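Q: If it helps, the file is called start-v1.cif and holds mmCIF, C-alpha atoms:
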```
data_coords
loop_
_atom_site.label_atom_id
_atom_site.label_comp_id
_atom_site.auth_asym_id
_atom_site.auth_seq_id
_atom_site.Cartn_x
_atom_site.Cartn_y
_atom_site.Cartn_z
CA MET A 26 31.77 -5.98 12.13
CA LYS A 27 29.16 -3.23 12.25
CA ALA A 28 25.82 -4.94 12.83
CA TYR A 29 23.81 -1.83 11.99
CA LEU A 30 25.04 -1.99 8.39
CA MET A 31 24.01 -5.60 7.86
CA PRO A 32 20.53 -6.85 7.08
CA LYS A 33 18.64 -7.97 10.16
CA LYS A 34 14.89 -7.77 9.63
CA GLY A 35 14.33 -7.98 5.89
CA PHE A 36 16.55 -5.70 3.87
CA ARG A 37 18.79 -3.01 5.35
CA THR A 38 18.51 0.61 4.24
CA ILE A 39 21.50 2.89 4.68
CA PHE A 40 21.45 6.64 4.05
CA PHE A 41 24.74 8.47 3.56
CA ILE A 42 24.27 12.11 4.47
CA GLY A 43 26.61 15.05 4.78
CA LYS A 44 27.60 18.48 3.55
CA GLY A 45 28.31 18.95 -0.13
CA GLY A 46 31.72 17.80 -1.25
CA VAL A 47 32.74 15.84 1.85
CA GLY A 48 32.83 12.53 0.00
CA LYS A 49 29.37 11.03 0.50
CA THR A 50 29.37 9.42 -2.90
CA THR A 51 32.83 7.95 -2.54
CA SER A 52 32.13 6.65 0.96
CA SER A 53 28.78 5.15 0.02
CA ALA A 54 30.19 3.56 -3.13
CA ALA A 55 33.09 2.16 -1.14
CA ALA A 56 30.82 0.77 1.56
CA SER A 57 28.52 -0.79 -1.03
CA LEU A 58 31.43 -2.51 -2.71
CA ILE A 59 32.60 -4.13 0.52
CA LEU A 60 29.10 -5.18 1.53
CA ALA A 61 28.63 -6.75 -1.89
CA LYS A 62 31.93 -8.57 -1.47
CA LYS A 63 30.66 -9.97 1.82
CA GLY A 64 27.94 -11.63 -0.21
CA TYR A 65 25.02 -9.27 0.34
CA LYS A 66 23.06 -8.37 -2.74
CA THR A 67 23.50 -4.62 -2.65
CA LEU A 68 21.85 -1.78 -4.53
CA ILE A 69 23.31 1.70 -4.40
CA VAL A 70 21.06 4.53 -5.52
CA SER A 71 22.05 8.11 -6.06
CA ILE A 72 19.14 10.47 -5.34
CA ASP A 73 21.31 13.55 -5.55
CA PRO A 74 20.20 15.64 -8.55
CA ALA A 75 23.88 16.43 -9.17
CA HIS A 76 24.89 12.84 -9.82
CA ASN A 77 28.41 11.62 -9.65
CA LEU A 78 28.03 8.04 -8.53
CA GLY A 79 28.81 6.95 -12.07
CA ASP A 80 31.99 9.01 -12.01
CA VAL A 81 33.17 7.22 -8.88
CA PHE A 82 32.58 3.77 -10.36
CA MET A 83 33.82 5.07 -13.73
CA VAL A 84 30.78 3.71 -15.58
CA LYS A 85 27.73 5.38 -17.03
CA LEU A 86 24.59 4.82 -14.94
CA ASN A 87 20.91 5.44 -15.53
CA ASP A 88 17.64 4.91 -13.68
CA LYS A 89 17.76 1.10 -13.97
CA PRO A 90 20.00 -0.93 -11.65
CA LYS A 91 23.23 -1.70 -13.47
CA ARG A 92 25.55 -4.49 -12.43
CA ILE A 93 28.96 -3.21 -11.32
CA VAL A 94 30.51 -6.36 -9.88
CA GLU A 95 29.08 -9.57 -8.49
CA ASN A 96 26.21 -8.68 -6.07
CA LEU A 97 26.58 -4.94 -6.59
CA TYR A 98 24.15 -2.87 -8.62
CA ALA A 99 24.05 0.89 -9.00
CA MET A 100 21.58 3.41 -10.34
CA GLU A 101 21.10 7.16 -10.60
CA LEU A 102 17.62 8.62 -10.32
CA ASP A 103 16.69 11.34 -12.73
CA MET A 104 14.62 13.70 -10.61
CA GLU A 105 13.60 16.00 -13.42
CA LYS A 106 12.36 13.08 -15.45
CA LEU A 107 10.45 11.78 -12.46
CA ILE A 108 8.72 15.09 -11.86
CA LYS A 109 7.85 15.40 -15.53
CA ALA A 110 6.46 11.88 -15.72
CA TYR A 111 4.47 12.60 -12.63
CA LEU A 112 2.91 15.74 -14.03
CA LYS A 113 2.14 13.99 -17.30
CA HIS A 114 0.28 11.27 -15.48
CA LEU A 115 -1.64 13.93 -13.65
CA GLU A 116 -2.56 15.83 -16.76
CA ASP A 117 -4.07 12.70 -18.26
CA ASN A 118 -6.13 12.27 -15.14
CA LEU A 119 -7.25 15.84 -15.38
CA LYS A 120 -8.49 15.59 -18.92
CA HIS A 121 -11.25 13.41 -17.61
CA MET A 122 -12.16 16.06 -15.10
CA TYR A 123 -12.11 18.82 -17.66
CA ARG A 124 -15.15 17.37 -19.29
CA TYR A 125 -17.13 18.69 -16.38
CA LEU A 126 -15.11 21.59 -15.29
CA THR A 127 -14.14 24.25 -17.74
CA VAL A 128 -14.95 27.15 -15.48
CA ILE A 129 -11.63 27.25 -13.71
CA ASN A 130 -8.33 27.28 -15.49
CA LEU A 131 -6.72 24.39 -13.69
CA GLU A 132 -4.01 23.91 -16.24
CA LYS A 133 -2.41 27.10 -15.01
CA TYR A 134 -2.64 25.87 -11.45
CA PHE A 135 -0.73 22.72 -12.27
CA GLU A 136 1.86 24.68 -14.15
CA VAL A 137 2.42 26.53 -10.89
CA LEU A 138 2.40 23.32 -8.86
CA SER A 139 5.33 21.90 -10.75
CA PHE A 140 7.42 24.81 -9.50
CA SER A 141 5.91 24.92 -6.05
CA PRO A 142 8.30 24.76 -3.15
CA GLY A 143 8.79 21.26 -1.89
CA ILE A 144 7.99 19.43 -5.09
CA GLU A 145 11.56 18.16 -5.29
CA GLU A 146 11.45 16.81 -1.75
CA TYR A 147 8.19 15.06 -2.45
CA ALA A 148 9.46 13.61 -5.69
CA THR A 149 12.54 12.36 -3.82
CA LEU A 150 10.37 10.79 -1.17
CA GLU A 151 8.23 9.13 -3.84
CA ALA A 152 11.36 7.78 -5.47
CA ILE A 153 12.64 6.40 -2.16
CA ARG A 154 9.27 4.81 -1.50
CA GLU A 155 9.20 3.11 -4.87
CA ILE A 156 12.64 1.64 -4.28
CA LEU A 157 11.78 0.52 -0.76
CA GLN A 158 8.61 -1.14 -2.01
CA LYS A 159 10.71 -3.35 -4.23
CA GLY A 160 13.26 -3.68 -1.45
CA ASP A 161 12.84 -7.41 -0.98
CA GLU A 162 14.87 -8.03 -4.13
CA TRP A 163 17.92 -6.80 -2.22
CA ASP A 164 19.75 -7.46 1.02
CA ILE A 165 21.05 -3.93 1.37
CA ILE A 166 19.95 -0.67 -0.23
CA ILE A 167 22.29 2.28 0.06
CA PHE A 168 21.14 5.81 -0.70
CA ASP A 169 23.64 8.40 -1.74
CA THR A 170 21.75 11.58 -0.88
CA PRO A 171 21.84 15.26 -1.78
CA PRO A 172 23.54 17.63 0.72
CA THR A 173 22.23 17.49 4.29
CA GLY A 174 19.60 20.22 4.10
CA LEU A 175 17.49 18.60 1.43
CA THR A 176 17.97 15.11 2.82
CA LEU A 177 16.84 16.07 6.30
CA ARG A 178 13.73 17.66 4.87
CA VAL A 179 13.01 14.54 2.87
CA LEU A 180 13.44 12.34 5.93
CA ALA A 181 11.16 14.66 7.90
CA LEU A 182 8.45 14.52 5.27
CA PRO A 183 6.78 11.25 6.23
CA ASN A 184 5.91 12.71 9.63
CA ILE A 185 4.57 15.94 8.21
CA ALA A 186 2.70 14.24 5.40
CA MET A 187 1.12 11.93 7.93
CA ILE A 188 -0.30 14.81 9.94
CA TRP A 189 -1.73 16.43 6.83
CA THR A 190 -3.25 13.23 5.59
CA GLU A 191 -4.85 12.41 8.90
CA LYS A 192 -6.41 15.86 9.18
CA LEU A 193 -7.72 15.71 5.63
CA ILE A 194 -9.19 12.28 6.27
CA GLU A 195 -10.98 13.74 9.28
CA VAL A 196 -12.57 16.51 7.21
CA ARG A 197 -13.44 14.09 4.45
CA ARG A 198 -15.15 11.79 6.94
CA LYS A 199 -17.27 14.70 8.13
CA ILE A 200 -18.29 15.47 4.56
CA LEU A 201 -19.22 11.87 3.91
CA ASP A 202 -21.16 11.72 7.19
CA ARG A 203 -23.25 14.70 6.10
CA ARG A 204 -23.79 13.18 2.68
CA ARG A 205 -24.98 9.92 4.15
CA ALA A 206 -27.33 11.72 6.50
CA ILE A 207 -28.88 13.65 3.63
CA GLU A 208 -29.04 10.53 1.50
CA ASN A 209 -30.98 8.71 4.19
CA ILE A 210 -33.74 11.26 3.86
CA GLN A 211 -33.57 12.34 0.23
CA GLY A 212 -32.46 9.12 -1.38
CA GLU A 213 -29.52 8.91 -3.76
CA ARG A 214 -28.23 12.32 -4.81
CA LYS A 215 -26.94 13.34 -8.19
CA PHE A 216 -24.53 16.14 -8.90
CA ARG A 217 -25.15 17.91 -12.19
CA ILE A 218 -22.63 20.04 -13.97
CA GLU A 219 -22.37 21.09 -17.61
CA GLY A 220 -25.14 18.71 -18.58
CA GLU A 221 -23.31 15.74 -17.08
CA GLU A 222 -24.56 13.95 -14.07
CA TYR A 223 -22.97 11.66 -11.58
CA LYS A 224 -23.72 10.17 -8.23
CA LEU A 225 -22.35 11.93 -5.17
CA PRO A 226 -20.24 9.38 -3.32
CA SER A 227 -21.23 9.10 0.30
CA ARG A 228 -19.48 5.98 1.47
CA GLU A 229 -15.73 5.68 2.10
CA LYS A 230 -15.43 2.72 -0.25
CA GLU A 231 -16.97 4.51 -3.22
CA ASP A 232 -15.39 7.90 -2.66
CA PRO A 233 -12.27 8.21 -4.82
CA VAL A 234 -10.94 11.11 -2.72
CA MET A 235 -11.12 9.04 0.44
CA GLN A 236 -9.53 6.10 -1.34
CA GLU A 237 -6.63 8.27 -2.47
CA LEU A 238 -6.23 9.65 1.03
CA LEU A 239 -6.21 6.22 2.60
CA SER A 240 -3.79 4.71 0.11
CA TYR A 241 -1.47 7.70 0.45
CA LYS A 242 -1.56 7.25 4.21
CA GLU A 243 -0.60 3.61 3.83
CA GLU A 244 2.31 4.49 1.57
CA ILE A 245 3.61 7.11 3.96
CA LYS A 246 3.23 4.77 6.88
CA PHE A 247 5.22 2.15 5.03
CA VAL A 248 8.16 4.50 4.47
CA ARG A 249 8.00 5.88 7.98
CA GLU A 250 8.00 2.46 9.54
CA ILE A 251 11.09 1.47 7.61
CA ILE A 252 13.15 4.58 8.19
CA THR A 253 12.43 4.73 11.91
CA ASP A 254 13.20 1.07 12.54
CA GLU A 255 16.73 0.59 13.83
CA ASN A 256 16.69 -2.99 12.64
CA ARG A 257 16.11 -1.87 9.09
CA THR A 258 17.63 1.57 8.66
CA SER A 259 20.90 3.27 9.49
CA VAL A 260 22.10 6.75 8.73
CA VAL A 261 25.78 7.32 8.14
CA ALA A 262 27.05 10.88 8.28
CA VAL A 263 30.11 11.75 6.26
CA MET A 264 32.12 14.81 7.24
CA ASN A 265 35.54 16.37 6.96
CA ALA A 266 37.65 17.30 9.94
CA GLU A 267 36.49 20.90 9.85
CA MET A 268 34.43 22.94 12.27
CA LEU A 269 31.64 23.78 9.82
CA ALA A 270 31.16 20.15 8.87
CA LEU A 271 31.09 19.23 12.54
CA TYR A 272 28.38 21.78 13.30
CA GLU A 273 26.27 20.54 10.43
CA THR A 274 26.66 16.92 11.46
CA GLU A 275 25.67 17.82 14.99
CA ARG A 276 22.53 19.54 13.76
CA ALA A 277 21.72 16.58 11.54
CA HIS A 278 22.17 14.32 14.55
CA GLU A 279 19.68 16.41 16.53
CA SER A 280 17.08 16.45 13.76
CA LEU A 281 17.35 12.73 13.13
CA LYS A 282 16.85 12.09 16.81
CA LYS A 283 13.70 14.19 16.69
CA PHE A 284 12.31 12.13 13.83
CA LYS A 285 13.45 8.90 15.54
CA ILE A 286 15.65 7.91 12.62
CA PRO A 287 18.56 5.73 13.76
CA PHE A 288 21.94 7.41 13.36
CA ASN A 289 24.86 5.06 13.85
CA LEU A 290 28.10 6.06 12.21
CA VAL A 291 30.20 9.11 11.47
CA VAL A 292 32.80 8.82 8.75
CA VAL A 293 35.48 11.49 9.06
CA ASN A 294 36.79 11.71 5.55
CA LYS A 295 39.96 13.26 4.12
CA VAL A 296 41.86 13.29 7.40
CA ILE A 297 45.36 14.52 6.70
CA GLU A 298 47.97 12.22 8.17
CA LEU A 299 51.58 13.30 7.96
CA GLU A 300 54.64 11.40 8.99
CA GLU A 301 56.68 14.50 9.55
CA GLU A 302 55.63 17.97 10.56
CA ILE A 303 55.40 20.58 7.82
CA PRO A 304 55.51 24.07 9.35
CA LYS A 305 53.45 25.65 6.57
CA ILE A 306 50.32 23.67 7.36
CA LYS A 307 50.84 23.39 11.08
CA VAL A 308 47.88 25.67 11.87
CA ARG A 309 45.64 23.52 9.76
CA MET A 310 46.88 20.34 11.36
CA ASP A 311 46.21 21.78 14.81
CA ALA A 312 42.69 22.72 13.76
CA GLN A 313 42.11 19.22 12.46
CA LYS A 314 43.34 17.73 15.70
CA LYS A 315 40.97 19.92 17.65
CA VAL A 316 37.99 18.90 15.49
CA LEU A 317 38.86 15.22 15.77
CA GLY A 318 38.95 15.61 19.55
CA GLU A 319 35.55 17.31 19.56
CA ILE A 320 34.00 14.64 17.37
CA GLN A 321 34.97 12.01 19.92
CA GLN A 322 33.27 14.02 22.63
CA LYS A 323 30.16 15.07 20.77
CA PHE A 324 29.23 11.69 19.31
CA LYS A 325 29.63 9.39 22.25
CA ASP A 326 26.84 7.00 21.31
CA VAL A 327 27.87 6.81 17.66
CA ASP A 328 30.69 4.91 15.95
CA ILE A 329 33.40 7.03 14.41
CA VAL A 330 35.61 5.99 11.51
CA ARG A 331 38.54 7.92 10.08
CA VAL A 332 39.42 7.80 6.42
CA PRO A 333 42.71 9.45 5.58
CA MET A 334 43.33 11.77 2.68
CA PHE A 335 44.99 9.65 -0.02
CA GLU A 336 47.71 10.77 -2.34
CA GLU A 337 45.27 10.49 -5.23
CA GLU A 338 41.50 10.73 -5.61
CA PRO A 339 39.95 7.39 -4.65
CA ARG A 340 38.20 6.45 -7.87
CA GLY A 341 37.78 3.04 -9.42
CA LEU A 342 37.20 -0.29 -7.72
CA LYS A 343 40.69 -0.77 -6.23
CA TRP A 344 40.61 2.48 -4.34
CA LEU A 345 37.01 2.06 -3.32
CA GLU A 346 37.80 -1.29 -1.80
CA ARG A 347 40.50 0.26 0.32
CA VAL A 348 38.22 3.06 1.55
CA GLY A 349 35.32 0.67 2.05
CA GLY A 350 37.46 -1.63 4.14
CA LEU A 351 38.13 1.27 6.50
CA ILE A 352 34.45 2.17 6.75
CA ILE A 353 32.94 -1.26 7.16
CA GLY A 354 35.78 -2.91 9.07
CA ASP A 355 36.26 -6.64 9.08
CA MET B 9 -60.09 12.68 -6.19
CA PHE B 10 -58.11 10.14 -4.16
CA GLU B 11 -55.22 10.37 -6.65
CA SER B 12 -54.96 14.14 -6.40
CA LEU B 13 -55.07 13.97 -2.64
CA LYS B 14 -52.22 11.50 -2.75
CA ALA B 15 -50.22 13.76 -5.06
CA PHE B 16 -50.89 16.70 -2.79
CA LEU B 17 -49.71 14.83 0.28
CA LYS B 18 -46.63 13.64 -1.56
CA GLY B 19 -45.69 17.17 -2.53
CA PHE B 20 -46.49 18.34 0.97
CA PHE B 21 -44.16 15.83 2.57
CA SER B 22 -41.40 16.12 0.04
CA SER B 23 -41.19 19.83 0.70
CA PHE B 24 -40.79 19.00 4.38
CA LYS B 25 -38.17 16.48 3.45
CA ASP B 26 -36.27 19.07 1.42
CA GLN B 27 -36.43 21.57 4.21
CA SER B 28 -35.33 19.08 6.80
CA THR B 29 -31.94 18.63 5.19
CA ASP B 30 -31.27 22.32 4.49
CA TYR B 31 -29.03 22.71 7.48
CA ILE B 32 -27.04 19.57 6.85
CA GLU B 33 -26.64 20.51 3.20
CA PHE B 34 -25.36 23.91 4.23
CA GLU B 35 -22.90 22.25 6.57
CA GLU B 36 -21.88 19.83 3.86
CA ARG B 37 -21.22 22.65 1.40
CA GLU B 38 -19.18 24.51 3.98
CA LEU B 39 -17.03 21.47 4.65
CA GLU B 40 -16.58 20.80 0.95
CA ASN B 41 -15.55 24.40 0.51
CA VAL B 42 -13.01 24.16 3.31
CA PHE B 43 -11.66 20.89 1.94
CA ALA B 44 -11.11 22.36 -1.52
CA LEU B 45 -9.67 25.55 -0.03
CA VAL B 46 -7.15 23.67 2.06
CA LEU B 47 -6.03 21.64 -0.93
CA MET B 48 -5.59 24.76 -3.02
CA GLY B 49 -4.13 26.71 -0.15
CA SER B 50 -1.13 27.92 -2.08
CA PHE B 51 -3.52 30.11 -4.07
CA ILE B 52 -4.49 32.14 -1.05
CA GLY B 53 -1.20 31.94 0.77
CA ILE B 54 -1.77 29.25 3.35
CA PRO B 55 0.56 26.25 3.53
CA SER B 56 -0.40 23.40 1.25
CA PRO B 57 -0.62 19.74 2.07
CA PRO B 58 1.90 17.42 0.39
CA THR B 59 1.96 18.30 -3.29
CA THR B 60 1.83 14.65 -4.27
CA LEU B 61 -1.33 14.15 -2.29
CA VAL B 62 -2.96 17.25 -3.76
CA MET B 63 -2.14 16.10 -7.25
CA ARG B 64 -3.63 12.72 -6.62
CA ILE B 65 -6.84 14.04 -5.15
CA MET B 66 -7.43 16.89 -7.58
CA PRO B 67 -8.89 14.86 -10.44
CA HIS B 68 -11.72 13.73 -8.17
CA MET B 69 -12.56 17.14 -6.84
CA VAL B 70 -15.06 18.34 -9.43
CA ARG B 71 -17.87 18.96 -7.01
CA GLU B 72 -15.75 20.48 -4.26
CA ILE B 73 -14.13 22.95 -6.60
CA TYR B 74 -17.50 23.82 -8.04
CA VAL B 75 -18.86 24.47 -4.55
CA MET B 76 -15.81 26.49 -3.65
CA GLN B 77 -16.22 28.69 -6.66
CA ARG B 78 -19.88 29.31 -5.99
CA ARG B 79 -19.06 30.03 -2.40
CA ALA B 80 -16.49 32.59 -3.45
CA ALA B 81 -19.01 34.20 -5.82
CA ASP B 82 -21.70 34.36 -3.13
CA MET B 83 -19.33 35.54 -0.48
CA ASP B 84 -20.97 38.95 -0.19
CA ASP B 85 -24.34 37.38 0.49
CA ILE B 86 -23.48 34.79 3.07
CA PHE B 87 -25.81 36.38 5.63
CA GLY B 88 -28.56 36.24 3.03
CA GLU B 89 -28.08 32.54 2.73
CA ILE B 90 -28.12 31.98 6.46
CA ALA B 91 -31.13 34.24 6.89
CA GLY B 92 -32.95 32.30 4.18
CA MET B 93 -32.19 29.10 5.96
CA PHE B 94 -33.78 30.38 9.15
CA ASP B 95 -36.80 31.78 7.31
CA ILE B 96 -35.93 35.37 8.07
CA THR B 97 -37.13 37.42 5.17
#
```
Could you quickly redo this structure as structure tokens?

A:
Amino acid sequence: MKAYLMPKKGFRTIFFIGKGGVGKTTSSAAASLILAKKGYKTLIVSIDPAHNLGDVFMVKLNDKPKRIVENLYAMELDMEKLIKAYLKHLEDNLKHMYRYLTVINLEKYFEVLSFSPGIEEYATLEAIREILQKGDEWDIIIFDTPPTGLTLRVLALPNIAMIWTEKLIEVRRKILDRRRAIENIQGERKFRIEGEEYKLPSREKEDPVMQELLSYKEEIKFVREIITDENRTSVVAVMNAEMLALYETERAHESLKKFKIPFNLVVVNKVIELEEEIPKIKVRMDAQKKVLGEIQQKFKDVDIVRVPMFEEEPRGLKWLERVGGLIIGD
Amino acid sequence: MFESLKAFLKGFFSSFKDQSTDYIEFEERELENVFALVLMGSFIGIPSPPTTLVMRIMPHMVREIYVMQRRAADMDDIFGEIAGMFDIT
């Protein structure tokens, strides 16, 4: 029984990471099925823009949790839709601002923003946060993630966002300090623009910018606390028995350590097991053996599970159960 | 007679009052300018804070953006402004 995959303090969050095409979706779906069978109310979410979680379960999924079997629910997040909805919300907010400010063409700026580097990572983080905030409805939440690169950046974001937010809060405090000082002498100040007039906020409570900064900080803190808590989060790396996949997993291991995100299990997927030797693929088998040996050495503090290559693609509940049994153990 | 003296004194002191905050107001404007600049950093090629955060703050940034724009327009006369502040004419 792998304790780091079971709920301990509140709900358990599990991220399945790995190179593209190694079988993250299959492994995560299989694990979720077994955990659900053990009686944990499990939600599996695909945050990979190239969804195929539905293909593995052989049902059509959308952005609402859909019941697969008893205790198991699955959903696929539509990133593009999320980003669009987000920008729409913003535009509505901006209309209010436009009343005062017609001098600068902000619409163009926001058009650019929606294509700005990093927007996808931030949207992914937002999506993860929203799911985690409603996490108490579940015992276990499993994330099927996009290929390693993007996922690692997303997991690094809370730290980076925190630094930015704290620095901005510092500057904002200085501004508000100055405003209060001036207000003490001059009395309440008004800011006039385009014939409209409004009070200059000088206290943290009445300053909407400060309020946004503080609430954003809280949200980030919430996510960071969950994903760095070994009692609540586990990362499972899926890889194939190939050198490139090994290197990538190693790098992921390093980065996760840096961000203090608990990394507990390596699933070596599609391991070829032959009963008799076939000369034609002997070189490949030797290479696989070498990689398997190295994995044992490199990940000493991490559990390692082998999933063999099956004669057919493991799709559908029967197959998933078999794979999941190997991953979770009894 | 008494009334006009009162009005005179009031004007006299309020001008002092205005002057007394000149420096802080200058500082305030500078900070507001920096704040807006940092948020819109991608315009001038410096790294931007989290896009989500920028998008959430932007709608409340009317004054800061206004200050930033004026600052950019007066850029060539920044010494003029400082000189004015120190009564160097």

Q: Which distance in Å separates atom CA of Ser259 of chain A and atom CA of Lys159 of chain A, to one decimal?

A: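 Rounded to one decimal, the two atoms are 18.3 Å apart.
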
Q: Apply the PyMOL selection byres ((chain B) within 8 of (chain A)) to the structure shown and report the selected residues as a PyMOL selection string.

A: chain B and resi 25-26+29+32-33+35-36+39-40+43+57-61+63-71+74

Q: To one decimal place, how far is atom CA of Val260 of chain A from atom CA of Ile166 of chain A in Å?

A: 11.8 Å

Q: Might you pull out every residue within 8 Å of segment 337-342 of chain A, with all atoms listed in the file counted and same-chain residues fewer than 4 positions away left off, and present them as an MDAnalysis selection string?

A: chainID A and resid 51 58 80:83 346 348

Q: For each of B:Phe20, B:Phe34, B:Ser12, B:Ser28, take the minimum atom-to-atom distance to Ile86 of chain B, counting all atoms listed in the file, then give the residue where this is smallest.

A: B:Phe34

Q: Could you spell out the hits of the PyMOL selection byres ((chain A and resi 291) around 9) on the shown file, as a VMD selection string?

A: chain A and resid 260 to 264 274 288 to 290 292 to 293 320 324 327 to 331

Q: Draw an axis-aligned box over all listed atoms of segment 14-22 of chain B, pad each side with 6 Å, and write its centre and edge lengths in Å, one decimal, as AutoDock Vina command-line options.

A:
```
--center_x -46.8 --center_y 14.9 --center_z -1.2 --size_x 22.8 --size_y 18.8 --size_z 19.6
```

Q: Kindly give the distance, in Å, that separates atom CA of Phe168 of chain A and atom CA of Met334 of chain A, rounded to a single decimal.

A: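 A separation of 23.2 Å between them.
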
Q: Applied to this file, what does the PyMOL selection byres ((chain B and resi 77) around 12) return in terms of residues, put as a list of chain:residue names?

A: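 So the PyMOL selection byres ((chain B and resi 77) around 12), applied here, picks out A:Leu126, A:Val128, A:Ile129, A:Asn130, B:Arg37, B:Glu38, B:Glu40, B:Asn41, B:Val42, B:Ala44, B:Leu45, B:Met48, B:Val70, B:Arg71, B:Glu72, B:Ile73, B:Tyr74, B:Val75, B:Met76, B:Arg78, B:Arg79, B:Ala80, B:Ala81, B:Asp82, B:Met83.
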
Q: Residues within 6 Å of (25.5, 16.0, 2.6), file coordinates, counting all atoms listed in the file: what are they? Give the list as JSON, numbers by chain.

A: {"A": [42, 43, 44, 45, 171, 172, 173]}

Q: Can you list, as a ChimeraX atom specification, every protein, DNA or RNA residue that comes within 7 Å of segment 160-165 of chain A when you count all atoms listed in the file, leaving out same-chain residues fewer than 3 positions away?

A: /A:32,36-38,65-68,156-157
